[in-house]
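J.: So here's query-v6.txt (compact mmCIF, N, CA and C atoms).
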```
# COMPACT_ATOMS: atom_id res chain seq x y z
N MET A 1 0.84 -1.17 0.00
CA MET A 1 0.00 0.00 0.00
C MET A 1 0.89 1.24 0.00
N SER A 2 0.54 2.20 -0.85
CA SER A 2 1.36 3.40 -1.01
C SER A 2 0.77 4.55 -0.21
N ASN A 3 1.63 5.41 0.31
CA ASN A 3 1.19 6.59 1.04
C ASN A 3 1.14 7.82 0.14
N LEU A 4 1.27 7.63 -1.17
CA LEU A 4 1.21 8.76 -2.09
C LEU A 4 -0.23 9.20 -2.26
N ARG A 5 -0.41 10.53 -2.26
CA ARG A 5 -1.74 11.09 -2.47
C ARG A 5 -1.67 12.14 -3.56
N LEU A 6 -2.72 12.28 -4.28
CA LEU A 6 -2.81 13.31 -5.31
C LEU A 6 -3.09 14.63 -4.63
N PHE A 7 -2.30 15.64 -4.97
CA PHE A 7 -2.51 16.96 -4.38
C PHE A 7 -3.67 17.64 -5.10
N GLU A 8 -4.71 17.92 -4.38
CA GLU A 8 -5.88 18.59 -4.93
C GLU A 8 -6.24 19.73 -3.98
N PRO A 9 -5.83 20.96 -4.32
CA PRO A 9 -6.03 22.09 -3.40
C PRO A 9 -7.49 22.35 -3.06
N THR A 10 -8.42 22.05 -3.97
CA THR A 10 -9.82 22.32 -3.66
C THR A 10 -10.36 21.35 -2.63
N LEU A 11 -9.69 20.21 -2.47
CA LEU A 11 -10.16 19.23 -1.49
C LEU A 11 -9.36 19.27 -0.20
N ALA A 12 -8.43 20.24 -0.08
CA ALA A 12 -7.59 20.32 1.12
C ALA A 12 -8.44 20.52 2.36
N ASP A 13 -9.40 21.40 2.29
CA ASP A 13 -10.28 21.65 3.42
C ASP A 13 -11.71 21.63 2.90
N PRO A 14 -12.42 20.52 3.05
CA PRO A 14 -13.77 20.42 2.50
C PRO A 14 -14.71 21.49 3.03
N PHE A 15 -14.59 21.87 4.29
CA PHE A 15 -15.46 22.89 4.86
C PHE A 15 -15.22 24.23 4.19
N GLU A 16 -13.95 24.58 3.98
CA GLU A 16 -13.63 25.85 3.34
C GLU A 16 -14.14 25.87 1.89
N SER A 17 -13.98 24.75 1.20
CA SER A 17 -14.45 24.65 -0.17
C SER A 17 -15.97 24.82 -0.24
N MET A 18 -16.70 24.17 0.68
CA MET A 18 -18.14 24.28 0.72
C MET A 18 -18.55 25.72 1.05
N PHE A 19 -17.88 26.35 2.00
CA PHE A 19 -18.19 27.71 2.40
C PHE A 19 -17.97 28.69 1.24
N ARG A 20 -16.88 28.49 0.50
CA ARG A 20 -16.59 29.37 -0.65
C ARG A 20 -17.70 29.27 -1.70
N ARG A 21 -18.13 28.04 -1.99
CA ARG A 21 -19.19 27.86 -2.98
C ARG A 21 -20.51 28.45 -2.47
N PHE A 22 -20.78 28.32 -1.18
CA PHE A 22 -22.01 28.84 -0.61
C PHE A 22 -22.05 30.36 -0.65
N MET A 23 -20.92 30.99 -0.40
CA MET A 23 -20.86 32.44 -0.34
C MET A 23 -20.63 33.09 -1.72
N ALA A 24 -20.36 32.30 -2.73
CA ALA A 24 -20.14 32.85 -4.08
C ALA A 24 -21.45 33.46 -4.58
N PRO A 25 -21.37 34.57 -5.30
CA PRO A 25 -22.60 35.18 -5.80
C PRO A 25 -23.31 34.26 -6.79
N VAL A 26 -24.61 34.24 -6.68
CA VAL A 26 -25.41 33.42 -7.58
C VAL A 26 -25.47 34.13 -8.92
N ARG A 27 -25.22 33.37 -9.97
CA ARG A 27 -25.23 33.95 -11.30
C ARG A 27 -25.99 33.01 -12.22
N ILE A 28 -27.03 33.53 -12.80
CA ILE A 28 -27.81 32.74 -13.73
C ILE A 28 -27.52 33.31 -15.11
N ASP A 29 -26.86 32.53 -15.91
CA ASP A 29 -26.50 32.97 -17.25
C ASP A 29 -27.41 32.31 -18.27
N ARG A 30 -27.63 33.05 -19.31
CA ARG A 30 -28.33 32.47 -20.45
C ARG A 30 -27.26 31.82 -21.30
N ASN A 31 -27.30 30.53 -21.39
CA ASN A 31 -26.24 29.84 -22.12
C ASN A 31 -26.64 29.63 -23.57
N LEU A 32 -25.65 29.27 -24.39
CA LEU A 32 -25.88 29.12 -25.82
C LEU A 32 -26.78 27.93 -26.15
N GLU A 33 -26.96 27.00 -25.21
CA GLU A 33 -27.85 25.88 -25.48
C GLU A 33 -29.27 26.38 -25.71
N ASN A 34 -29.64 27.50 -25.07
CA ASN A 34 -30.98 28.04 -25.26
C ASN A 34 -31.16 28.60 -26.66
N LEU A 35 -30.06 28.82 -27.37
CA LEU A 35 -30.14 29.37 -28.71
C LEU A 35 -30.11 28.31 -29.80
N ASP A 36 -30.05 27.04 -29.44
CA ASP A 36 -30.05 26.00 -30.45
C ASP A 36 -31.30 26.14 -31.32
N ILE A 37 -31.11 25.97 -32.62
CA ILE A 37 -32.25 26.01 -33.53
C ILE A 37 -32.76 24.58 -33.68
N ARG A 38 -33.92 24.33 -33.17
CA ARG A 38 -34.54 23.02 -33.29
C ARG A 38 -35.42 23.04 -34.53
N VAL A 39 -35.27 22.00 -35.37
CA VAL A 39 -35.91 21.99 -36.69
C VAL A 39 -36.73 20.73 -36.88
N ASP A 40 -37.92 20.89 -37.45
CA ASP A 40 -38.74 19.78 -37.92
C ASP A 40 -38.88 19.94 -39.43
N VAL A 41 -38.66 18.87 -40.17
CA VAL A 41 -38.80 18.92 -41.63
C VAL A 41 -39.78 17.83 -42.04
N VAL A 42 -40.80 18.23 -42.80
CA VAL A 42 -41.80 17.30 -43.30
C VAL A 42 -41.84 17.44 -44.82
N GLU A 43 -41.90 16.32 -45.50
CA GLU A 43 -41.98 16.32 -46.97
C GLU A 43 -43.38 15.88 -47.36
N LYS A 44 -44.08 16.73 -48.13
CA LYS A 44 -45.45 16.39 -48.52
C LYS A 44 -45.79 17.09 -49.83
N ASP A 45 -46.32 16.35 -50.76
CA ASP A 45 -46.79 16.89 -52.04
C ASP A 45 -45.75 17.75 -52.76
N GLY A 46 -44.53 17.29 -52.81
CA GLY A 46 -43.49 18.00 -53.54
C GLY A 46 -42.96 19.24 -52.85
N VAL A 47 -43.25 19.39 -51.54
CA VAL A 47 -42.81 20.56 -50.77
C VAL A 47 -42.18 20.09 -49.47
N PHE A 48 -41.04 20.69 -49.12
CA PHE A 48 -40.45 20.49 -47.80
C PHE A 48 -41.00 21.58 -46.90
N LYS A 49 -41.60 21.18 -45.79
CA LYS A 49 -42.10 22.16 -44.82
C LYS A 49 -41.19 22.11 -43.61
N VAL A 50 -40.60 23.25 -43.29
CA VAL A 50 -39.62 23.34 -42.20
C VAL A 50 -40.19 24.25 -41.12
N ARG A 51 -40.12 23.78 -39.88
CA ARG A 51 -40.47 24.62 -38.72
C ARG A 51 -39.23 24.70 -37.84
N ALA A 52 -38.80 25.91 -37.56
CA ALA A 52 -37.59 26.12 -36.75
C ALA A 52 -37.95 27.00 -35.55
N ASP A 53 -37.54 26.57 -34.36
CA ASP A 53 -37.78 27.35 -33.14
C ASP A 53 -36.68 28.39 -32.97
N LEU A 54 -37.08 29.66 -32.92
CA LEU A 54 -36.15 30.77 -32.71
C LEU A 54 -36.76 31.76 -31.70
N PRO A 55 -36.99 31.33 -30.46
CA PRO A 55 -37.63 32.22 -29.49
C PRO A 55 -36.74 33.41 -29.14
N GLY A 56 -37.36 34.57 -29.01
CA GLY A 56 -36.64 35.77 -28.60
C GLY A 56 -35.83 36.42 -29.69
N VAL A 57 -35.96 35.98 -30.92
CA VAL A 57 -35.22 36.56 -32.03
C VAL A 57 -36.16 37.45 -32.84
N LYS A 58 -35.67 38.60 -33.26
CA LYS A 58 -36.46 39.50 -34.10
C LYS A 58 -36.42 39.01 -35.55
N LYS A 59 -37.51 39.25 -36.25
CA LYS A 59 -37.63 38.80 -37.64
C LYS A 59 -36.50 39.33 -38.51
N GLU A 60 -36.11 40.57 -38.31
CA GLU A 60 -35.06 41.18 -39.13
C GLU A 60 -33.66 40.63 -38.82
N ASP A 61 -33.53 39.86 -37.74
CA ASP A 61 -32.24 39.26 -37.37
C ASP A 61 -32.11 37.81 -37.82
N ILE A 62 -33.02 37.36 -38.69
CA ILE A 62 -32.98 36.00 -39.21
C ILE A 62 -32.60 36.04 -40.68
N ASN A 63 -31.72 35.15 -41.07
CA ASN A 63 -31.29 35.05 -42.46
C ASN A 63 -31.40 33.59 -42.89
N VAL A 64 -32.10 33.35 -44.00
CA VAL A 64 -32.24 32.00 -44.54
C VAL A 64 -31.60 31.99 -45.93
N ARG A 65 -30.70 31.02 -46.13
CA ARG A 65 -30.04 30.87 -47.43
C ARG A 65 -30.30 29.47 -47.97
N ILE A 66 -30.54 29.42 -49.28
CA ILE A 66 -30.78 28.14 -49.94
C ILE A 66 -29.80 28.02 -51.10
N ASP A 67 -29.10 26.90 -51.15
CA ASP A 67 -28.17 26.65 -52.24
C ASP A 67 -28.37 25.20 -52.68
N GLY A 68 -29.19 25.01 -53.72
CA GLY A 68 -29.50 23.66 -54.16
C GLY A 68 -30.35 22.94 -53.13
N ASN A 69 -29.77 21.91 -52.51
CA ASN A 69 -30.50 21.18 -51.46
C ASN A 69 -30.00 21.53 -50.06
N LEU A 70 -29.12 22.53 -49.97
CA LEU A 70 -28.59 22.97 -48.68
C LEU A 70 -29.38 24.17 -48.16
N VAL A 71 -29.87 24.06 -46.94
CA VAL A 71 -30.63 25.14 -46.30
C VAL A 71 -29.84 25.59 -45.07
N GLN A 72 -29.62 26.89 -44.95
CA GLN A 72 -28.91 27.43 -43.78
C GLN A 72 -29.75 28.53 -43.15
N ILE A 73 -29.91 28.43 -41.83
CA ILE A 73 -30.65 29.43 -41.05
C ILE A 73 -29.68 30.06 -40.08
N ASP A 74 -29.55 31.39 -40.15
CA ASP A 74 -28.70 32.15 -39.23
C ASP A 74 -29.59 33.08 -38.42
N ALA A 75 -29.29 33.24 -37.14
CA ALA A 75 -30.06 34.14 -36.29
C ALA A 75 -29.12 34.82 -35.31
N GLN A 76 -29.47 36.06 -34.99
CA GLN A 76 -28.69 36.81 -34.01
C GLN A 76 -29.66 37.40 -33.00
N THR A 77 -29.25 37.38 -31.73
CA THR A 77 -30.12 37.90 -30.68
C THR A 77 -29.33 38.81 -29.75
N MET A 78 -30.02 39.80 -29.24
CA MET A 78 -29.43 40.68 -28.24
C MET A 78 -30.48 40.88 -27.16
N ASP A 79 -30.12 40.54 -25.96
CA ASP A 79 -31.05 40.59 -24.84
C ASP A 79 -30.46 41.53 -23.80
N GLU A 80 -31.16 42.63 -23.54
CA GLU A 80 -30.68 43.57 -22.53
C GLU A 80 -31.72 43.68 -21.43
N LYS A 81 -31.26 43.52 -20.20
CA LYS A 81 -32.13 43.65 -19.04
C LYS A 81 -31.48 44.60 -18.07
N GLU A 82 -32.29 45.41 -17.44
CA GLU A 82 -31.74 46.32 -16.43
C GLU A 82 -32.69 46.34 -15.25
N PHE A 83 -32.14 46.21 -14.08
CA PHE A 83 -32.93 46.18 -12.86
C PHE A 83 -32.44 47.32 -11.97
N LYS A 84 -33.35 48.20 -11.57
CA LYS A 84 -32.96 49.34 -10.74
C LYS A 84 -33.53 49.19 -9.33
N GLY A 85 -32.74 49.62 -8.36
CA GLY A 85 -33.19 49.59 -6.98
C GLY A 85 -34.11 50.78 -6.71
N ASP A 86 -34.52 50.97 -5.44
CA ASP A 86 -35.45 52.04 -5.07
C ASP A 86 -34.90 53.43 -5.37
N GLY A 87 -33.59 53.64 -5.19
CA GLY A 87 -33.01 54.96 -5.40
C GLY A 87 -32.70 55.26 -6.85
N GLY A 88 -33.00 54.38 -7.76
CA GLY A 88 -32.71 54.61 -9.16
C GLY A 88 -31.28 54.26 -9.55
N LYS A 89 -30.52 53.75 -8.59
CA LYS A 89 -29.14 53.35 -8.86
C LYS A 89 -29.14 51.97 -9.52
N VAL A 90 -28.34 51.80 -10.56
CA VAL A 90 -28.27 50.50 -11.23
C VAL A 90 -27.59 49.51 -10.30
N VAL A 91 -28.33 48.49 -9.93
CA VAL A 91 -27.84 47.46 -9.03
C VAL A 91 -27.24 46.30 -9.83
N ARG A 92 -27.89 46.01 -10.93
CA ARG A 92 -27.44 44.90 -11.77
C ARG A 92 -27.74 45.24 -13.21
N SER A 93 -26.85 44.89 -14.09
CA SER A 93 -27.06 45.08 -15.51
C SER A 93 -26.56 43.84 -16.24
N GLU A 94 -27.43 43.25 -17.03
CA GLU A 94 -27.06 42.04 -17.77
C GLU A 94 -27.31 42.27 -19.24
N ARG A 95 -26.34 41.90 -20.04
CA ARG A 95 -26.48 42.00 -21.48
C ARG A 95 -26.03 40.69 -22.10
N TYR A 96 -26.73 40.29 -23.13
CA TYR A 96 -26.37 39.06 -23.81
C TYR A 96 -26.47 39.30 -25.31
N CYS A 97 -25.50 38.86 -26.02
CA CYS A 97 -25.51 38.97 -27.47
C CYS A 97 -24.94 37.68 -28.03
N GLY A 98 -25.60 37.11 -28.99
CA GLY A 98 -25.09 35.86 -29.53
C GLY A 98 -25.70 35.56 -30.89
N SER A 99 -25.08 34.64 -31.58
CA SER A 99 -25.61 34.22 -32.87
C SER A 99 -25.55 32.71 -32.95
N VAL A 100 -26.40 32.18 -33.80
CA VAL A 100 -26.47 30.73 -33.97
C VAL A 100 -26.77 30.45 -35.44
N SER A 101 -26.29 29.32 -35.89
CA SER A 101 -26.48 28.95 -37.28
C SER A 101 -26.81 27.47 -37.35
N ARG A 102 -27.64 27.10 -38.30
CA ARG A 102 -28.01 25.70 -38.49
C ARG A 102 -28.10 25.44 -39.98
N ALA A 103 -27.43 24.42 -40.44
CA ALA A 103 -27.49 24.05 -41.85
C ALA A 103 -27.84 22.57 -41.96
N PHE A 104 -28.61 22.24 -42.98
CA PHE A 104 -28.97 20.85 -43.22
C PHE A 104 -29.25 20.67 -44.71
N THR A 105 -29.15 19.43 -45.15
CA THR A 105 -29.42 19.14 -46.55
C THR A 105 -30.74 18.39 -46.68
N LEU A 106 -31.38 18.62 -47.81
CA LEU A 106 -32.62 17.94 -48.13
C LEU A 106 -32.34 16.91 -49.22
N SER A 107 -33.28 16.02 -49.44
CA SER A 107 -33.06 14.93 -50.40
C SER A 107 -33.11 15.39 -51.85
N GLN A 108 -33.59 16.62 -52.06
CA GLN A 108 -33.72 17.12 -53.43
C GLN A 108 -33.51 18.63 -53.43
N ASP A 109 -33.09 19.18 -54.57
CA ASP A 109 -32.88 20.62 -54.68
C ASP A 109 -34.19 21.37 -54.48
N VAL A 110 -34.06 22.62 -53.98
CA VAL A 110 -35.22 23.47 -53.70
C VAL A 110 -35.37 24.49 -54.82
N ASP A 111 -36.61 24.75 -55.20
CA ASP A 111 -36.91 25.80 -56.17
C ASP A 111 -36.95 27.13 -55.41
N GLU A 112 -35.81 27.84 -55.41
CA GLU A 112 -35.67 29.06 -54.61
C GLU A 112 -36.69 30.13 -54.98
N ALA A 113 -37.10 30.19 -56.26
CA ALA A 113 -38.04 31.21 -56.73
C ALA A 113 -39.42 31.05 -56.10
N LYS A 114 -39.78 29.83 -55.72
CA LYS A 114 -41.11 29.58 -55.14
C LYS A 114 -41.08 29.40 -53.63
N ALA A 115 -39.92 29.46 -53.02
CA ALA A 115 -39.79 29.25 -51.57
C ALA A 115 -40.37 30.44 -50.80
N THR A 116 -40.99 30.15 -49.65
CA THR A 116 -41.56 31.20 -48.81
C THR A 116 -41.10 31.01 -47.37
N ALA A 117 -41.06 32.12 -46.62
CA ALA A 117 -40.68 32.10 -45.21
C ALA A 117 -41.64 32.98 -44.42
N LYS A 118 -42.00 32.51 -43.23
CA LYS A 118 -42.89 33.26 -42.35
C LYS A 118 -42.38 33.10 -40.92
N TYR A 119 -42.39 34.18 -40.15
CA TYR A 119 -41.93 34.14 -38.77
C TYR A 119 -43.02 34.70 -37.86
N GLU A 120 -43.45 33.87 -36.90
CA GLU A 120 -44.51 34.30 -36.00
C GLU A 120 -44.36 33.59 -34.66
N ASN A 121 -44.43 34.34 -33.57
CA ASN A 121 -44.37 33.81 -32.21
C ASN A 121 -43.16 32.91 -31.97
N GLY A 122 -42.00 33.30 -32.49
CA GLY A 122 -40.77 32.56 -32.24
C GLY A 122 -40.58 31.33 -33.11
N ILE A 123 -41.46 31.14 -34.09
CA ILE A 123 -41.35 29.98 -34.98
C ILE A 123 -41.20 30.44 -36.42
N LEU A 124 -40.12 30.00 -37.04
CA LEU A 124 -39.88 30.26 -38.46
C LEU A 124 -40.44 29.10 -39.25
N THR A 125 -41.30 29.40 -40.23
CA THR A 125 -41.90 28.38 -41.07
C THR A 125 -41.45 28.60 -42.51
N LEU A 126 -40.84 27.58 -43.09
CA LEU A 126 -40.38 27.65 -44.47
C LEU A 126 -41.17 26.66 -45.31
N GLU A 127 -41.58 27.08 -46.50
CA GLU A 127 -42.17 26.17 -47.47
C GLU A 127 -41.23 26.16 -48.65
N LEU A 128 -40.60 25.02 -48.88
CA LEU A 128 -39.55 24.90 -49.88
C LEU A 128 -39.96 23.88 -50.94
N PRO A 129 -40.53 24.36 -52.05
CA PRO A 129 -40.93 23.43 -53.11
C PRO A 129 -39.72 22.77 -53.75
N LYS A 130 -39.89 21.52 -54.12
CA LYS A 130 -38.82 20.80 -54.79
C LYS A 130 -38.66 21.34 -56.21
N LYS A 131 -37.41 21.38 -56.65
CA LYS A 131 -37.13 21.78 -58.02
C LYS A 131 -37.45 20.60 -58.92
N ALA A 132 -38.08 20.91 -60.05
CA ALA A 132 -38.41 19.85 -61.00
C ALA A 132 -37.11 19.19 -61.48
N THR A 133 -37.11 17.90 -61.45
CA THR A 133 -35.91 17.19 -61.89
C THR A 133 -35.97 16.98 -63.38
N SER A 134 -34.86 17.14 -64.00
CA SER A 134 -34.82 16.90 -65.45
C SER A 134 -34.51 15.43 -65.70
N ALA A 135 -35.14 14.92 -66.70
CA ALA A 135 -34.94 13.51 -67.03
C ALA A 135 -33.52 13.35 -67.60
N SER A 136 -32.93 12.23 -67.33
CA SER A 136 -31.58 12.01 -67.85
C SER A 136 -31.65 11.79 -69.36
N LYS A 137 -30.63 12.22 -70.02
CA LYS A 137 -30.58 12.11 -71.49
C LYS A 137 -29.46 11.16 -71.88
N ARG A 138 -29.78 10.28 -72.76
CA ARG A 138 -28.79 9.33 -73.24
C ARG A 138 -28.13 9.91 -74.47
N LEU A 139 -26.83 9.96 -74.43
CA LEU A 139 -26.07 10.48 -75.57
C LEU A 139 -25.74 9.37 -76.55
N THR A 140 -25.86 9.70 -77.81
CA THR A 140 -25.49 8.75 -78.85
C THR A 140 -24.01 8.92 -79.16
N ILE A 141 -23.30 7.87 -79.15
CA ILE A 141 -21.88 7.92 -79.43
C ILE A 141 -21.67 7.72 -80.92
N SER A 142 -20.97 8.64 -81.55
CA SER A 142 -20.74 8.53 -82.99
C SER A 142 -19.35 8.06 -83.32
```
Give the structure from the file, written as structure tokens.

T.:
Amino acid sequence: MSNLRLFEPTLADPFESMFRRFMAPVRIDRNLENLDIRVDVVEKDGVFKVRADLPGVKKEDINVRIDGNLVQIDAQTMDEKEFKGDGGKVVRSERYCGSVSRAFTLSQDVDEAKATAKYENGILTLELPKKATSASKRLTIS
């Protein structure tokens, strides 16, 4: 049996470590996980219907790009909160700014000219009609 121990300064005094964590200021951060773009894609009658959750994002801060069968959704958000005490002195000020992007491919190219986008109550709805596929042509070899 060995008397070697791993030096771990945070575990040197468990009571002190617990006290430090208890007395640390509570901080609730809005993390980037809340900005994940969750997407549902349904294919029906030659149209891809996409619903993307973008809560708290303004319509003008959303960008949708289509390149063939690749769809990319970009969003940017800025959240400012200010809480004032009784004397009007700023006690706490929190600001958050972030961006998120989501790209995915569809099984067929999209007809960009007929595609539509609508944003309401934090949900982006895209209707992406499929591009008509051209029939393959057999070449005659001379």

J.: May I ask which of the residues A:Val41, A:Ile73, A:Val47, A:Ala52 is the closest one to Leu124 in chain A, counting only N, CA and C atoms?

T.: A:Ala52

J.: Rounded to one decimal in Å, what is the spacing between atom C of Leu106 in chain A and CA of Ile37 in chain A?

T.: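 A separation of 18.1 Å between them.
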
J.: Any idea what the distance is between CA of Phe104 in chain A and CA of Met78 in chain A?

T.: 24.9 Å

J.: What lies within 7 Å of Leu70 in chain A using all atoms listed in the file, ignoring chain neighbours under 6 positions off, as a ChimeraX atom specification?

T.: /A:103-106,108-110

J.: Provide the CA of Asn121 in chain A to atom N of Gly46 in chain A distance in Å, to one decimal place.

T.: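 Separation of CA of Asn121 in chain A and atom N of Gly46 in chain A: 26.4 Å.
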
J.: Name the residues within 6.5 Å of (-40.1, 21.1, -38.7), counting only N, CA and C atoms in the file's coordinates, and put them as a short mmCIF file (atom, residue, chain, number, x, y, z; two decimals) with N, CA and C atoms, in the coordinates of the input.

T.:
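Output file point-v5.cif follows:
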```
data_model
loop_
_atom_site.label_atom_id
_atom_site.label_comp_id
_atom_site.auth_asym_id
_atom_site.auth_seq_id
_atom_site.Cartn_x
_atom_site.Cartn_y
_atom_site.Cartn_z
N VAL A 39 -35.27 22.00 -35.37
CA VAL A 39 -35.91 21.99 -36.69
C VAL A 39 -36.73 20.73 -36.88
N ASP A 40 -37.92 20.89 -37.45
CA ASP A 40 -38.74 19.78 -37.92
C ASP A 40 -38.88 19.94 -39.43
N VAL A 41 -38.66 18.87 -40.17
CA VAL A 41 -38.80 18.92 -41.63
C VAL A 41 -39.78 17.83 -42.04
N VAL A 42 -40.80 18.23 -42.80
CA VAL A 42 -41.80 17.30 -43.30
C VAL A 42 -41.84 17.44 -44.82
N LYS A 49 -41.60 21.18 -45.79
CA LYS A 49 -42.10 22.16 -44.82
C LYS A 49 -41.19 22.11 -43.61
N VAL A 50 -40.60 23.25 -43.29
CA VAL A 50 -39.62 23.34 -42.20
C VAL A 50 -40.19 24.25 -41.12
N ARG A 51 -40.12 23.78 -39.88
CA ARG A 51 -40.47 24.62 -38.72
C ARG A 51 -39.23 24.70 -37.84
N ALA A 52 -38.80 25.91 -37.56
CA ALA A 52 -37.59 26.12 -36.75
C ALA A 52 -37.95 27.00 -35.55
#
```

J.: Out of range 104-141 of chain A, which residues get strand (DSSP E or B) from DSSP, as a list in words?

T.: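 Strand (DSSP E or B) members of range 104-141 of chain A, listed: Phe104, Thr105, Val110, Thr116, Ala117, Lys118, Tyr119, Glu120, Ile123, Leu124, Thr125, Leu126, Glu127, Leu128, Pro129 and Lys130 of chain A.
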
J.: Would you pick out the contacts of Gly122 in chain A at 7 Å or less, using all atoms listed in the file, so that residues sharing its chain but fewer than 4 positions from it are not included, and give the list as a VMD selection string?

T.: chain A and resid 52 to 57

J.: For a quick check of your reading of the model, name the residues lying within 6 Å of the coordinate (-23.8, 38.9, -27.5), counting all atoms listed in the file, and write them as a ChimeraX atom specification.

T.: /A:77-78,96-98

J.: Please, what is the axis-aligned box for every listed atom of range 57-72 of chain A with 4 Å on each side, as centre and edge lengths in Å to one decimal, as AutoDock Vina command-line options?

T.:
```
--center_x -32.9 --center_y 31.2 --center_z -42.5 --size_x 17.5 --size_y 28.0 --size_z 31.2
```

J.: Of the candidates A:Asp36, A:Asp45, A:Asp111, A:Asp74, which shows the shortest atom-to-atom distance to Ile62 in chain A, using all atoms listed in the file?

T.: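 The shortest atom-to-atom distance to Ile62 in chain A comes from A:Asp74.
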
J.: Just list as a ChimeraX atom specification whatever in range 30-68 of chain A DSSP marks as helix (DSSP H, G or I).

T.: /A:32-35,59-61

J.: Measuring between only C-alpha atoms, which one of A:Ile123, A:Lys114, A:Arg102, A:Ser142 shows the shortest distance to Arg65 in chain A?

T.: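 Of all the options, A:Arg102 lies closest to Arg65 in chain A.
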